[in-house]
Structures are given as C-alpha cells and as structure tokens.
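Peer 1: Please see the structure below; I have some questions.
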Protein chains: 2
Amino acid sequence: MGGEAEMKEAVLLLSGGLDSTTVAAILNSQGYSIRALTVDYGQRHIREIEAAKSVASHFKVKEHVVMHVDFSLIGGSALTDMSLSVPEGGTSGIPVTYVPARNAVFLSLALAFSETRQCNEIYTGINAIDYSGYPDCRPEFLEAFNRLARLATRAGVEGKPARVIAPLINMRKADIIRAGIAVGAPYGLSWSCYNGREKACGLCDSCLLRLKGFMEAGLEDPIDYENK
Amino acid sequence: MGGEAEMKEAVLLLSGGLDSTTVAAILNSQGYSIRALTVDYGQRHIREIEAAKSVASHFKVKEHVVMHVDFSLIGGSALTDMSLSVPEGGTSGIPVTYVPARNAVFLSLALAFSETRQCNEIYTGINAIDYSGYPDCRPEFLEAFNRLARLATRAGVEGKPARVIAPLINMRKADIIRAGIAVGAPYGLSWSCYNGREKACGLCDSCLLRLKGFMEAGLEDPIDYENK
C-alpha cells in the first residue's frame, strides 16, 4: 500500500560541542537521517573536529562533510588568532572569543549544503540563555537568517525554502544536558573547551558554562578536566 | 587645522569579473582605499582568481585576501561540479551554473572581514538586470542580508553595522561598461567566461551577456574570444 514512508532527513551543523551533540541525539531519537556539516574554520585546535567526527560516527549519520574556511585570514578573535589569548574565569559583554559573523557564515554554508541535498530542515545547537553573549546566537538573528534563506536560494524561489531550527535556543544548559541524557547524547565524545590540550581546561568561558550546566543538572560530566 | 581627512575605506567583493572590476574602478575614482576579498570556491578554473589579483594590483588596493571555500564538497552547480557541463547559447529559468546560496556565503565572509577591519561599507558588483537569473542577485535578497548584518555582528550590536552597497544592481550591462570606461576600469584584466581556456569561449551565458553589453555600448571588448 504505497511502501514505506521515506526517512526524514535533516542537515545538522555539528561542531562537536555539547549543544550540537545534544541536537544530534534528539534528531536520532526522532528517527531522522542526519547529514552533518562541520566547519573547520582554523580554530585553535582540531579536538573539536575530532569530536564532531566521533559524534557523527556514533550516530551513523548518512553523510558528514567537513568544510575548511580559513577564518585566520580574517582574524579578530581569540579562537582564530593565535596572538590573542583565551580568557579564563568568565567575561562580560561580547568576549574576545567572538568570531566575527561566524554563524552567518556557517548557516549560509548549511543553506547551500541543504539545497543540494533537497533537504529543507537545518538544525543548529545555537543557544541564547547559558551562552557567551555572541550576537549571532539570538532568536532575532535566526529570524533574519530564515528571511534571507527564503530569498537566497532556488529552493526559496520555488516555494520550498530551507528553514533553520534551533531546538535549544531558549533552554538553560542544565535542561539541555538533561534532555540530551534522556535521548542518549554521547557527551563523553563531545568537546567544549576553547583550548585543545589533552584534558579540558575547566577555566575558559565554554568549560565554565558546561560545568555549571552539569552541576545544576546534578549529573557528572564524563570528560576529564585539568581544573574542576 | 586638524590634519588631513582620513581616507575612506571600503571592502570589495572582487571576483575578477566585469561587474566587480567596474566597482573597483568607481571606488578608486571616488578616493576610496580598497580592501578586496576574493573567494576561491573551487570554480572550474583559476583564471577568475588571477583576474582578481590583476585588478587588485592595478588599483594598488590596501589589502587583497583570497579565501578558499570548497564548494565542490557541496556540489549542485556546473561551476563547481566537473560532472556537469556549462551550457552554451543562453538558458531560461535559474541555470545550472547557479551556485547554491553563493552570495549569502560570500557576503557573510565579507561581513566578517569588514568587522575585523572596522570598515562598514561592503561593495559588491551584484546586478539584477542583465544577469543570469540567480535569486541571490535581487534587491530583496540584498535588503534581507543588510537586516541580517545588523543582527549578526558586534558592530551591529554597537550601532555601527556594516552595510552592503551594490551600485550596479539596477544598471544594464551596457551602462555598467560605459560607467566603468569613464573611470578607467581595466576590462582587459577582467575575466567573465565560465570556461578557463586561454581565450574566453564567447558562448556561455556569462560571455554572451558581456559581449551584448559591449555591443550595446558601442565599445570593443579588449579581451580575446574563441567565438564572437
């Protein structure tokens, strides 16, 4: 009687961090076939890329594309410019780890990728609650991007624009972790630290947010830390 | 009495084609110091990149950054997928040379670049009159991008967002060429052909638009063609 239903497909921007790993687990639990896109943007270390590959492999994604975009040519961020150091102990305002227009670039690449795969759902782990204050993580940024997506592509002209979906955008880190654990998120494979040493530093903004989240969730972070 | 006025600076997306070469000449004639950004996106040939370098050098730009973004990993266009051929003799609808979301990616990279250079004017040769029917060349696309730019960056949050300016968007090709010639556009250095042979093919959509423009302007195109 018409055969099996086609498997739902989603493009996922997979950084290998805690948030995108959570989204991978959620999509997997909902029966999605995942096409993962990781952007290697010349960040300080390749630990993130390795984490993304491990997570992709864990969920047996349909496809995992790693694109290189050399943000070090652009500079201006402690994550891509080796002459700037990553701050420890929390910051206020938009921090030096802000990478100019990063999410506009990443989502545009995901938009291109989604169009050639005839897939109109783009998932991202963007979060605007327990986050670092980056402007391109806010809901209004996402709305503006979705408006652009409708106008930027052939799919949009043909009435089937891709849409960016950020299921974690209004969740607290502790709730993200609880939700992830409930659907088998492999946090031991993920990597959040801005430094790329053997263990996570436990002191950078990204480690602090992650550790606070696990503490508030009453759960143990499975990765090793230098300081905790 | 206060010293010299600071030189105006503009970021320019420079492809090495006729339109962006025209914009370079216009900016130069208006006394701008140019920071050029060229995206090497794995297009069929490097003639375009060489043309961009020649044009940048001709105008003694302040800076010329060539970023590599491997669109062949994304595919779906005759310009980045060697298994598709470039059509000859004109097309209708959105052609196979359409590169998915290309201008969203290019403008996002230009936005990042402009932010680190504290420059809030981004120029592009995008044109929506004598063009190939690409959705991401239309004025409404540009408006949506400028809205995104205000939300995507630190500069936007601080009330100094970069703005994309497309001076040629409503001009016919013949008028672009006349305007360019008037300000010394070095069209002999530019390259429009989708093929990368020694001479321009004269048959692809991009050559046809260019040749028609020169003909209507009553001017001679200084580059060599296989067919004309």
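Letters for chains follow the order of the structure tokens (A, B, ...), residue numbers begin at 1 for each chain, and ligand numbers begin at 1 in the order shown.
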For chain A against chain B, which residues fall within 9 Å using only C-alpha atoms, given as a short mmCIF file (atom, residue, chain, number, x, y, z; two decimals) with N, CA and C atoms, in the first residue's frame?
Peer 2:
```cif
data_model
loop_
_atom_site.label_atom_id
_atom_site.label_comp_id
_atom_site.auth_asym_id
_atom_site.auth_seq_id
_atom_site.Cartn_x
_atom_site.Cartn_y
_atom_site.Cartn_z
N VAL A 65 30.17 16.08 6.13
CA VAL A 65 31.06 16.91 5.32
C VAL A 65 31.80 17.88 6.25
N VAL A 66 33.12 17.90 6.14
CA VAL A 66 33.93 18.86 6.89
C VAL A 66 34.48 19.88 5.90
N MET A 67 34.03 21.12 6.04
CA MET A 67 34.49 22.17 5.12
C MET A 67 35.51 23.06 5.82
N HIS A 68 36.56 23.40 5.09
CA HIS A 68 37.58 24.28 5.63
C HIS A 68 37.31 25.72 5.18
N VAL A 69 37.27 26.61 6.12
CA VAL A 69 37.14 28.04 5.80
C VAL A 69 38.15 28.75 6.69
N ASP A 70 39.13 29.37 6.09
CA ASP A 70 40.24 29.88 6.89
C ASP A 70 39.95 31.24 7.49
N PHE A 71 39.30 31.23 8.65
CA PHE A 71 38.99 32.48 9.35
C PHE A 71 40.25 33.18 9.87
N LEU A 73 42.56 34.19 8.18
CA LEU A 73 42.82 35.28 7.22
C LEU A 73 42.03 36.52 7.60
N ILE A 74 40.94 36.30 8.33
CA ILE A 74 40.08 37.40 8.76
C ILE A 74 40.50 37.89 10.14
N GLY A 75 40.79 36.95 11.04
CA GLY A 75 41.29 37.29 12.37
C GLY A 75 40.26 37.93 13.26
N GLY A 76 40.74 38.63 14.30
CA GLY A 76 39.84 39.38 15.15
C GLY A 76 39.19 38.58 16.26
N SER A 77 39.58 37.31 16.44
CA SER A 77 39.01 36.51 17.51
C SER A 77 40.09 35.70 18.19
N ILE A 94 30.47 41.22 24.95
CA ILE A 94 30.82 40.27 23.91
C ILE A 94 32.31 39.94 24.06
N TYR A 98 34.55 35.86 20.55
CA TYR A 98 33.59 36.10 19.48
C TYR A 98 34.30 36.02 18.13
N VAL A 99 33.76 35.22 17.22
CA VAL A 99 34.32 35.13 15.87
C VAL A 99 33.40 35.92 14.94
N PRO A 100 33.92 36.98 14.32
CA PRO A 100 33.04 37.87 13.55
C PRO A 100 32.16 37.12 12.54
N ALA A 101 30.85 37.35 12.68
CA ALA A 101 29.87 36.84 11.70
C ALA A 101 29.93 35.33 11.50
N ARG A 102 30.45 34.61 12.49
CA ARG A 102 30.63 33.16 12.32
C ARG A 102 29.34 32.43 11.98
N ASN A 103 28.28 32.71 12.72
CA ASN A 103 27.06 31.94 12.45
C ASN A 103 26.39 32.31 11.13
N ALA A 104 26.59 33.55 10.69
CA ALA A 104 26.09 33.91 9.35
C ALA A 104 26.82 33.07 8.30
N VAL A 105 28.12 32.92 8.46
CA VAL A 105 28.90 32.11 7.51
C VAL A 105 28.49 30.64 7.61
N PHE A 106 28.43 30.11 8.82
CA PHE A 106 28.11 28.68 8.99
C PHE A 106 26.72 28.35 8.46
N LEU A 107 25.75 29.19 8.81
CA LEU A 107 24.38 28.92 8.35
C LEU A 107 24.26 29.08 6.84
N SER A 108 25.00 30.01 6.26
CA SER A 108 24.98 30.16 4.80
C SER A 108 25.54 28.91 4.13
N LEU A 109 26.60 28.36 4.70
CA LEU A 109 27.16 27.13 4.14
C LEU A 109 26.16 25.98 4.30
N LEU A 111 23.01 26.30 4.40
CA LEU A 111 21.93 26.58 3.45
C LEU A 111 22.29 26.04 2.06
N ALA A 112 23.52 26.28 1.64
CA ALA A 112 24.00 25.76 0.36
C ALA A 112 23.95 24.24 0.37
N PHE A 113 24.45 23.66 1.43
CA PHE A 113 24.51 22.20 1.58
C PHE A 113 23.10 21.60 1.55
N SER A 114 22.18 22.22 2.28
CA SER A 114 20.81 21.70 2.35
C SER A 114 20.14 21.76 0.98
N GLU A 115 20.46 22.80 0.22
CA GLU A 115 19.81 22.94 -1.08
C GLU A 115 20.21 21.83 -2.04
N THR A 116 21.48 21.48 -2.05
CA THR A 116 21.91 20.43 -2.98
C THR A 116 21.44 19.05 -2.51
N ARG A 117 21.11 18.93 -1.23
CA ARG A 117 20.61 17.64 -0.71
C ARG A 117 19.09 17.58 -0.71
N TYR A 134 27.27 36.07 22.40
CA TYR A 134 27.54 36.35 20.99
C TYR A 134 26.26 36.84 20.32
N PRO A 135 26.34 37.93 19.52
CA PRO A 135 25.11 38.46 18.91
C PRO A 135 24.44 37.47 17.96
N ASP A 136 25.24 36.61 17.34
CA ASP A 136 24.67 35.72 16.33
C ASP A 136 24.16 34.41 16.92
N CYS A 137 23.75 34.47 18.19
CA CYS A 137 23.06 33.33 18.81
C CYS A 137 21.64 33.71 19.22
N ARG A 138 21.22 34.93 18.93
CA ARG A 138 19.93 35.41 19.41
C ARG A 138 18.78 35.03 18.46
N GLU A 140 16.43 36.76 17.24
CA GLU A 140 16.19 37.74 16.17
C GLU A 140 17.20 37.56 15.02
N PHE A 141 18.39 37.10 15.36
CA PHE A 141 19.37 36.78 14.31
C PHE A 141 18.85 35.62 13.46
N LEU A 142 18.34 34.61 14.14
CA LEU A 142 17.84 33.43 13.45
C LEU A 142 16.65 33.75 12.55
N GLU A 143 15.76 34.60 13.05
CA GLU A 143 14.61 35.02 12.23
C GLU A 143 15.08 35.74 10.97
N ALA A 144 16.07 36.62 11.14
CA ALA A 144 16.59 37.36 9.98
C ALA A 144 17.25 36.39 9.00
N PHE A 145 17.90 35.37 9.54
CA PHE A 145 18.53 34.41 8.63
C PHE A 145 17.48 33.64 7.84
N ARG A 147 14.61 34.61 6.96
CA ARG A 147 14.08 35.51 5.94
C ARG A 147 15.04 35.53 4.74
N LEU A 148 16.31 35.63 5.03
CA LEU A 148 17.32 35.62 3.97
C LEU A 148 17.25 34.31 3.18
N ALA A 149 17.10 33.19 3.90
CA ALA A 149 17.10 31.87 3.25
C ALA A 149 16.00 31.76 2.21
N ARG A 150 14.87 32.40 2.49
CA ARG A 150 13.75 32.34 1.54
C ARG A 150 14.09 33.07 0.25
N LEU A 151 14.99 34.07 0.33
CA LEU A 151 15.30 34.90 -0.84
C LEU A 151 16.60 34.50 -1.52
N ALA A 152 17.44 33.73 -0.84
CA ALA A 152 18.80 33.49 -1.32
C ALA A 152 18.94 32.29 -2.23
N THR A 153 17.91 31.47 -2.30
CA THR A 153 18.11 30.17 -2.95
C THR A 153 17.06 29.86 -4.01
N ARG A 154 17.40 28.91 -4.86
CA ARG A 154 16.46 28.39 -5.84
C ARG A 154 15.27 27.74 -5.12
N GLY A 156 14.03 28.53 -2.31
CA GLY A 156 13.16 29.59 -1.82
C GLY A 156 12.27 30.14 -2.92
N VAL A 157 12.87 30.38 -4.09
CA VAL A 157 12.11 30.88 -5.24
C VAL A 157 11.01 29.89 -5.62
#
```
Peer 1: Can you check the Cα RMSD once chain B has been least-squares fitted onto chain A over every paired atom, in order?
Peer 2: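 That comparison of chain A with chain B gives 0.1 Å.
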Peer 1: I'd like the neighbourhood of segment 196-199 of chain B as a list in words, where a residue qualifies if any of its atoms comes within 8 Å (using only C-alpha atoms), though same-chain residues fewer than 2 positions away should be ignored.
Peer 2: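 Here the answer would be Arg44, His45, Ile46, Arg47, Cys193, Tyr194, Cys201, Ile223, Asp224, Tyr225 and Glu226 of chain B.
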Peer 1: Using only C-alpha atoms, which residue out of A:Glu6, A:Asp205, A:Asp19, A:Asp81 lies closest to Gln43 of chain A?
Peer 2: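 Using only C-alpha atoms, Gln43 of chain A sits closest to A:Asp81.
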Peer 1: Among segment 12-141 of chain A, which ones does DSSP assign to alpha helix (DSSP H) (computed from the backbone)? Answer as a PyMOL selection string.
Peer 2: chain A and resi 18-29+47-58+102-116+139-141
